[in-house]
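Right, one structure below, let's go through it.
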Amino acid sequence: MNSHDKYLVFLPSCILVKGYERSVILDIQRAVLDFVPNDVYDIFQKYNKQKIGDILLNYNNEEQEIVMEYIGFLMQNEYAILGTKHDAEHIPAMSLKYNFCGQITNCICEYSEFTHKNIRRILNIIDIQLGCSALQIVCNKQLTIKELIIFLENLQHITYLNHLEVVLPYLPEYSDKDLDKLLCNPIINRLILYSAPFDNVKDLKHTFIVYLRENLNNNTCGIVDKSYFTQNIFHITEALHHNTCLHRKLFIDKNGNIKNCPYSETVFGNILNDDVEKIITTPSFKKYWNIKKDEIEVCKDCEFRYVCTDCRIFIKNRNNIYSQPEHCHYNTYITKWKGEEGYVTVEEWLKKNNTL
Ligand code: SF4
């Protein structure tokens, strides 16, 4: 069979996202992100599952050569196949519907005497009642090994949570031996020790200990960086339909107050005194849940918009909830990160190009 009689079939696990200057292919199965020209995105949009011969009819001789080069690239990297009519008709598209059975996906709980004392009740609410799958406990106070052991013992009664992270300040008295012993119980997926004298990640097989030099403060929240990109179907479908920063997220402060996130000011009630299930369904609690990256200024032009983290608290224009995250230093219009040669800020670029 001549290649012109075959059908171009993009693999269902590959999602193409068009940006201002270039597109990305997100291969969800292999967690690969590849850059391609926007023309490849257009070919995908218009001609996926069509016969090569028919596709080429839309281009002149010179363009046909380029189109065939693109197709060669897609096949070589296993993003597409040249299949039969049967393949084109029967390889289904992947569902991009967002699916999560719990009411809350992630919860951050601030450690304090109050939360320590009530941790079992709190866990019962977020774990059993709300079906939350990931919990981060953030402690701003130094805990001795003994205090840490007592606290972790209280976290034993976890049923649905599949990710538990504890964040606390580093103490020199935390010896490797103590920590190994402490974490031999596999309920903690990650222990983050900040204000440490070094940066390091220790893999203990069932858990990680992350040592961070940096301190925890407002400036580290909402930072946009390539290393924070998340390329899995759960994150991508959430980004397509909801806000990845606040959608189904819950913050419990040191007094048990319920907020959207650690840096938002509005208190919606108290974890022990109020009906949390009711609170999280109120329009005010859900106010920002559905602000998608496709609606956010600048991000809507960015090829990274479905793998990027968002932040609705630290934004460039506090009077415009659709403005870009304040701590983003990527300029999608020139595809450069701050520090790269030729980088200018988005604002400078927009001004120069008369779009501001
Ligand atoms: S512009 Fe920045 S914050 Fe927006 S999607 Fe792109 S990298 Fe993320």
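The chains in the structure tokens are called A, B, ... from first to last as shown; in each chain the residues are counted from 1, and the ligands are counted from 1 in the order shown.
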
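If you count only C-alpha atoms and ignore residues fewer than 4 places along the chain from Leu171 in chain A, what sits within 8 Å of it is Gln142, Leu143, Thr144 and Ala196 of chain A.
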
Within 9 Å of ligand 1 (only C-alpha atoms and all ligand atoms), residues as a ChimeraX atom specification: /A:223-226,229,293-294,296-311,324-332,337,346

Residue neighbourhood range 115-131 of chain A, 8 Å, only C-alpha atoms, exclusion window fewer than 4 positions, as an MDAnalysis selection string: chainID A and resid 101:105 107 109:111 151 154:155 157:161 254:256 271:272 277

For Thr266 in chain A: contacts at 10 Å, only C-alpha atoms, fewer than 4 positions along chain excluded, given as a PyMOL selection string: chain A and resi 257-261+284-285

With C-alpha atoms kept, could you save the residues just selected as a compact mmCIF listing (two decimals), in the first residue's frame?
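File produced: selection-v5.txt:
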# COMPACT_ATOMS: atom_id res chain seq x y z
CA ASN A 257 -10.30 28.01 60.24
CA ILE A 258 -11.25 26.98 56.73
CA LYS A 259 -9.91 28.94 53.77
CA ASN A 260 -9.29 28.37 50.07
CA CYS A 261 -5.51 28.49 50.44
CA SER A 284 -18.36 31.98 47.78
CA PHE A 285 -16.04 29.06 48.59

Shell of 10 Å around His206 in chain A, only C-alpha atoms, local chain residues under 2 positions omitted, as a VMD selection string: chain A and resid 183 to 190 203 to 204 208

Kindly save the residues from that selection, with C-alpha atoms included, as a PDB file, in the first residue's frame.
ATOM      1  CA  LEU A 183       9.831   7.027  58.544  1.00  0.00           C
ATOM      2  CA  CYS A 184       9.960   3.238  58.514  1.00  0.00           C
ATOM      3  CA  ASN A 185       6.195   3.391  58.915  1.00  0.00           C
ATOM      4  CA  PRO A 186       5.079   3.982  55.327  1.00  0.00           C
ATOM      5  CA  ILE A 187       2.242   6.442  55.983  1.00  0.00           C
ATOM      6  CA  ILE A 188       4.290   9.465  54.919  1.00  0.00           C
ATOM      7  CA  ASN A 189       5.099   9.862  51.246  1.00  0.00           C
ATOM      8  CA  ARG A 190       7.316  12.884  51.684  1.00  0.00           C
ATOM      9  CA  ASP A 203      14.942   8.264  48.534  1.00  0.00           C
ATOM     10  CA  LEU A 204      13.950   5.780  51.240  1.00  0.00           C
ATOM     11  CA  PHE A 208      11.316  10.778  50.342  1.00  0.00           C
TER      12      PHE A 208
END

Nearest residue to Lys141 in chain A from the set A:Val67, A:Ile209, A:Leu216, A:Leu16 (distances using only C-alpha atoms):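 Comparing A:Val67, A:Ile209, A:Leu216, A:Leu16 against Lys141 in chain A, the winner is A:Leu216.
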
DSSP alpha helix (DSSP H) residues within range 206-279 of chain A, as a ChimeraX atom specification: /A:233-241,276-279

With C-alpha atoms retained, could you export that selection as a tab-separated table (two decimals), in the first residue's frame?
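The result, stored in result_23.tsv:
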chain	number	residue	atom	x	y	z
A	233	ILE	CA	-4.24	13.07	32.82
A	234	PHE	CA	-5.67	14.16	36.17
A	235	HIS	CA	-3.89	17.54	36.15
A	236	ILE	CA	-4.44	18.14	32.43
A	237	THR	CA	-8.18	17.45	32.58
A	238	GLU	CA	-8.49	19.59	35.69
A	239	ALA	CA	-6.67	22.43	33.90
A	240	LEU	CA	-8.96	22.05	30.89
A	241	HIS	CA	-12.11	22.45	32.98
A	276	VAL	CA	-17.49	21.54	56.09
A	277	GLU	CA	-19.43	19.63	53.46
A	278	LYS	CA	-21.91	22.49	53.30
A	279	ILE	CA	-19.19	25.18	53.26

Exercise: Val40 in chain A partners within 10 Å, only C-alpha atoms, chain neighbours under 6 positions left out, as an NGL selection string: :A and (16 or 18 or 22-25 or 46 or 67 or 70-71 or 74)

Residue subset to file, keeping N, CA and C atoms, as an mmCIF file, in the first residue's frame:
data_model
loop_
_atom_site.group_PDB
_atom_site.id
_atom_site.type_symbol
_atom_site.label_atom_id
_atom_site.label_comp_id
_atom_site.auth_asym_id
_atom_site.auth_seq_id
_atom_site.Cartn_x
_atom_site.Cartn_y
_atom_site.Cartn_z
ATOM 1 N N LEU A 16 -2.310 17.789 21.807
ATOM 2 C CA LEU A 16 -1.564 18.923 21.240
ATOM 3 C C LEU A 16 -2.124 20.230 21.794
ATOM 4 N N LYS A 18 -1.793 24.422 21.445
ATOM 5 C CA LYS A 18 -1.234 25.492 20.611
ATOM 6 C C LYS A 18 -0.922 26.730 21.441
ATOM 7 N N ARG A 22 4.513 28.551 19.338
ATOM 8 C CA ARG A 22 4.782 27.138 19.059
ATOM 9 C C ARG A 22 3.737 26.287 19.796
ATOM 10 N N SER A 23 3.718 25.014 19.454
ATOM 11 C CA SER A 23 2.781 24.103 20.127
ATOM 12 C C SER A 23 3.580 23.063 20.895
ATOM 13 N N VAL A 24 2.878 22.376 21.799
ATOM 14 C CA VAL A 24 3.531 21.242 22.461
ATOM 15 C C VAL A 24 2.679 19.990 22.249
ATOM 16 N N ILE A 25 3.378 18.862 22.180
ATOM 17 C CA ILE A 25 2.699 17.572 22.198
ATOM 18 C C ILE A 25 2.890 17.045 23.618
ATOM 19 N N LYS A 46 -7.078 19.757 11.625
ATOM 20 C CA LYS A 46 -7.849 19.626 10.382
ATOM 21 C C LYS A 46 -7.849 18.214 9.819
ATOM 22 N N VAL A 67 5.057 19.141 4.925
ATOM 23 C CA VAL A 67 4.024 18.350 5.618
ATOM 24 C C VAL A 67 4.518 16.912 5.798
ATOM 25 N N TYR A 70 6.956 16.758 8.619
ATOM 26 C CA TYR A 70 6.268 16.776 9.913
ATOM 27 C C TYR A 70 5.721 15.391 10.235
ATOM 28 N N ILE A 71 5.091 14.772 9.251
ATOM 29 C CA ILE A 71 4.492 13.454 9.479
ATOM 30 C C ILE A 71 5.596 12.440 9.833
ATOM 31 N N LEU A 74 6.495 12.907 13.412
ATOM 32 C CA LEU A 74 5.449 12.380 14.314
ATOM 33 C C LEU A 74 5.538 10.858 14.414
#

Coordinates-based distance that separates CA of Cys132 in chain A from CA of Asp178 in chain A (Å, one decimal):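 Here the two named atoms are 29.8 Å from each other.
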
Point-to-point distance in Å for CA of Phe44 in chain A and CA of Asn232 in chain A: 20.9 Å

DSSP-assigned strand (DSSP E) among range 39-202 of chain A, expressed as a ChimeraX atom specification: /A:80-83,106-110,134-138,163-169,190-194,200-202

Please write the residues from the selection above to a file, keeping N, CA and C atoms, as a PDB file, in the first residue's frame.
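result_38.pdb was written with the following content:
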ATOM      1  N   ALA A  80       2.238   9.526  16.207  1.00  0.00           N
ATOM      2  CA  ALA A  80       1.186   9.223  15.220  1.00  0.00           C
ATOM      3  C   ALA A  80       1.601   7.976  14.453  1.00  0.00           C
ATOM      4  N   ILE A  81       0.613   7.363  13.819  1.00  0.00           N
ATOM      5  CA  ILE A  81       0.936   6.224  12.946  1.00  0.00           C
ATOM      6  C   ILE A  81       0.296   6.464  11.574  1.00  0.00           C
ATOM      7  N   LEU A  82       0.817   5.770  10.572  1.00  0.00           N
ATOM      8  CA  LEU A  82       0.124   5.744   9.283  1.00  0.00           C
ATOM      9  C   LEU A  82      -0.656   4.450   9.286  1.00  0.00           C
ATOM     10  N   GLY A  83      -1.958   4.542   9.434  1.00  0.00           N
ATOM     11  CA  GLY A  83      -2.761   3.333   9.600  1.00  0.00           C
ATOM     12  C   GLY A  83      -3.707   3.095   8.437  1.00  0.00           C
ATOM     13  N   ASN A 106      -7.098  18.069  47.429  1.00  0.00           N
ATOM     14  CA  ASN A 106      -5.908  18.357  48.232  1.00  0.00           C
ATOM     15  C   ASN A 106      -6.261  19.220  49.421  1.00  0.00           C
ATOM     16  N   CYS A 107      -5.607  18.928  50.536  1.00  0.00           N
ATOM     17  CA  CYS A 107      -5.832  19.762  51.717  1.00  0.00           C
ATOM     18  C   CYS A 107      -4.473  20.097  52.333  1.00  0.00           C
ATOM     19  N   ILE A 108      -4.342  21.355  52.750  1.00  0.00           N
ATOM     20  CA  ILE A 108      -3.150  21.748  53.516  1.00  0.00           C
ATOM     21  C   ILE A 108      -3.644  22.064  54.920  1.00  0.00           C
ATOM     22  N   CYS A 109      -2.988  21.496  55.909  1.00  0.00           N
ATOM     23  CA  CYS A 109      -3.387  21.750  57.295  1.00  0.00           C
ATOM     24  C   CYS A 109      -2.176  22.289  58.046  1.00  0.00           C
ATOM     25  N   GLU A 110      -2.375  23.413  58.735  1.00  0.00           N
ATOM     26  CA  GLU A 110      -1.281  24.033  59.481  1.00  0.00           C
ATOM     27  C   GLU A 110      -1.152  23.327  60.833  1.00  0.00           C
ATOM     28  N   ALA A 134      -5.050  13.832  48.983  1.00  0.00           N
ATOM     29  CA  ALA A 134      -3.688  14.251  49.340  1.00  0.00           C
ATOM     30  C   ALA A 134      -3.728  15.286  50.460  1.00  0.00           C
ATOM     31  N   LEU A 135      -2.895  15.068  51.467  1.00  0.00           N
ATOM     32  CA  LEU A 135      -2.843  15.991  52.607  1.00  0.00           C
ATOM     33  C   LEU A 135      -1.409  16.442  52.842  1.00  0.00           C
ATOM     34  N   GLN A 136      -1.273  17.755  53.043  1.00  0.00           N
ATOM     35  CA  GLN A 136       0.045  18.280  53.412  1.00  0.00           C
ATOM     36  C   GLN A 136      -0.104  18.943  54.779  1.00  0.00           C
ATOM     37  N   ILE A 137       0.733  18.530  55.724  1.00  0.00           N
ATOM     38  CA  ILE A 137       0.700  19.160  57.043  1.00  0.00           C
ATOM     39  C   ILE A 137       1.924  20.064  57.136  1.00  0.00           C
ATOM     40  N   VAL A 138       1.667  21.339  57.355  1.00  0.00           N
ATOM     41  CA  VAL A 138       2.763  22.312  57.367  1.00  0.00           C
ATOM     42  C   VAL A 138       2.976  22.801  58.788  1.00  0.00           C
ATOM     43  N   HIS A 163      -1.756  10.318  49.480  1.00  0.00           N
ATOM     44  CA  HIS A 163      -0.493  11.061  49.545  1.00  0.00           C
ATOM     45  C   HIS A 163      -0.474  11.903  50.824  1.00  0.00           C
ATOM     46  N   LEU A 164       0.501  11.680  51.629  1.00  0.00           N
ATOM     47  CA  LEU A 164       0.640  12.465  52.855  1.00  0.00           C
ATOM     48  C   LEU A 164       2.046  13.061  52.910  1.00  0.00           C
ATOM     49  N   GLU A 165       2.072  14.368  53.106  1.00  0.00           N
ATOM     50  CA  GLU A 165       3.344  15.083  53.101  1.00  0.00           C
ATOM     51  C   GLU A 165       3.434  15.906  54.387  1.00  0.00           C
ATOM     52  N   VAL A 166       4.575  15.883  55.036  1.00  0.00           N
ATOM     53  CA  VAL A 166       4.754  16.699  56.242  1.00  0.00           C
ATOM     54  C   VAL A 166       5.889  17.682  55.972  1.00  0.00           C
ATOM     55  N   VAL A 167       5.630  18.959  56.253  1.00  0.00           N
ATOM     56  CA  VAL A 167       6.625  20.007  55.992  1.00  0.00           C
ATOM     57  C   VAL A 167       6.965  20.667  57.313  1.00  0.00           C
ATOM     58  N   LEU A 168       8.234  20.726  57.670  1.00  0.00           N
ATOM     59  CA  LEU A 168       8.601  21.379  58.934  1.00  0.00           C
ATOM     60  C   LEU A 168      10.041  21.876  58.888  1.00  0.00           C
ATOM     61  N   PRO A 169      10.411  22.772  59.819  1.00  0.00           N
ATOM     62  CA  PRO A 169      11.774  23.294  59.775  1.00  0.00           C
ATOM     63  C   PRO A 169      12.796  22.228  60.156  1.00  0.00           C
ATOM     64  N   ARG A 190       6.217  11.933  51.820  1.00  0.00           N
ATOM     65  CA  ARG A 190       7.316  12.884  51.684  1.00  0.00           C
ATOM     66  C   ARG A 190       7.444  13.722  52.954  1.00  0.00           C
ATOM     67  N   LEU A 191       8.669  13.803  53.452  1.00  0.00           N
ATOM     68  CA  LEU A 191       8.952  14.674  54.595  1.00  0.00           C
ATOM     69  C   LEU A 191       9.832  15.800  54.061  1.00  0.00           C
ATOM     70  N   ILE A 192       9.351  17.038  54.172  1.00  0.00           N
ATOM     71  CA  ILE A 192      10.131  18.166  53.638  1.00  0.00           C
ATOM     72  C   ILE A 192      10.701  18.959  54.808  1.00  0.00           C
ATOM     73  N   LEU A 193      12.010  19.069  54.852  1.00  0.00           N
ATOM     74  CA  LEU A 193      12.663  19.813  55.930  1.00  0.00           C
ATOM     75  C   LEU A 193      13.218  21.106  55.336  1.00  0.00           C
ATOM     76  N   TYR A 194      12.602  22.232  55.668  1.00  0.00           N
ATOM     77  CA  TYR A 194      13.075  23.499  55.095  1.00  0.00           C
ATOM     78  C   TYR A 194      14.026  24.208  56.060  1.00  0.00           C
ATOM     79  N   ASN A 200      18.818  18.627  49.220  1.00  0.00           N
ATOM     80  CA  ASN A 200      19.055  17.210  48.900  1.00  0.00           C
ATOM     81  C   ASN A 200      17.719  16.462  48.911  1.00  0.00           C
ATOM     82  N   VAL A 201      17.671  15.377  48.167  1.00  0.00           N
ATOM     83  CA  VAL A 201      16.489  14.508  48.220  1.00  0.00           C
ATOM     84  C   VAL A 201      16.979  13.107  48.546  1.00  0.00           C
ATOM     85  N   LYS A 202      16.443  12.539  49.604  1.00  0.00           N
ATOM     86  CA  LYS A 202      16.846  11.201  50.015  1.00  0.00           C
ATOM     87  C   LYS A 202      15.711  10.231  49.729  1.00  0.00           C
TER      88      LYS A 202
END

Atom-to-atom span, CA of Phe268 in chain A and CA of Arg312 in chain A, Å: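 Taking CA of Phe268 in chain A and CA of Arg312 in chain A, their separation equals 17.5 Å.
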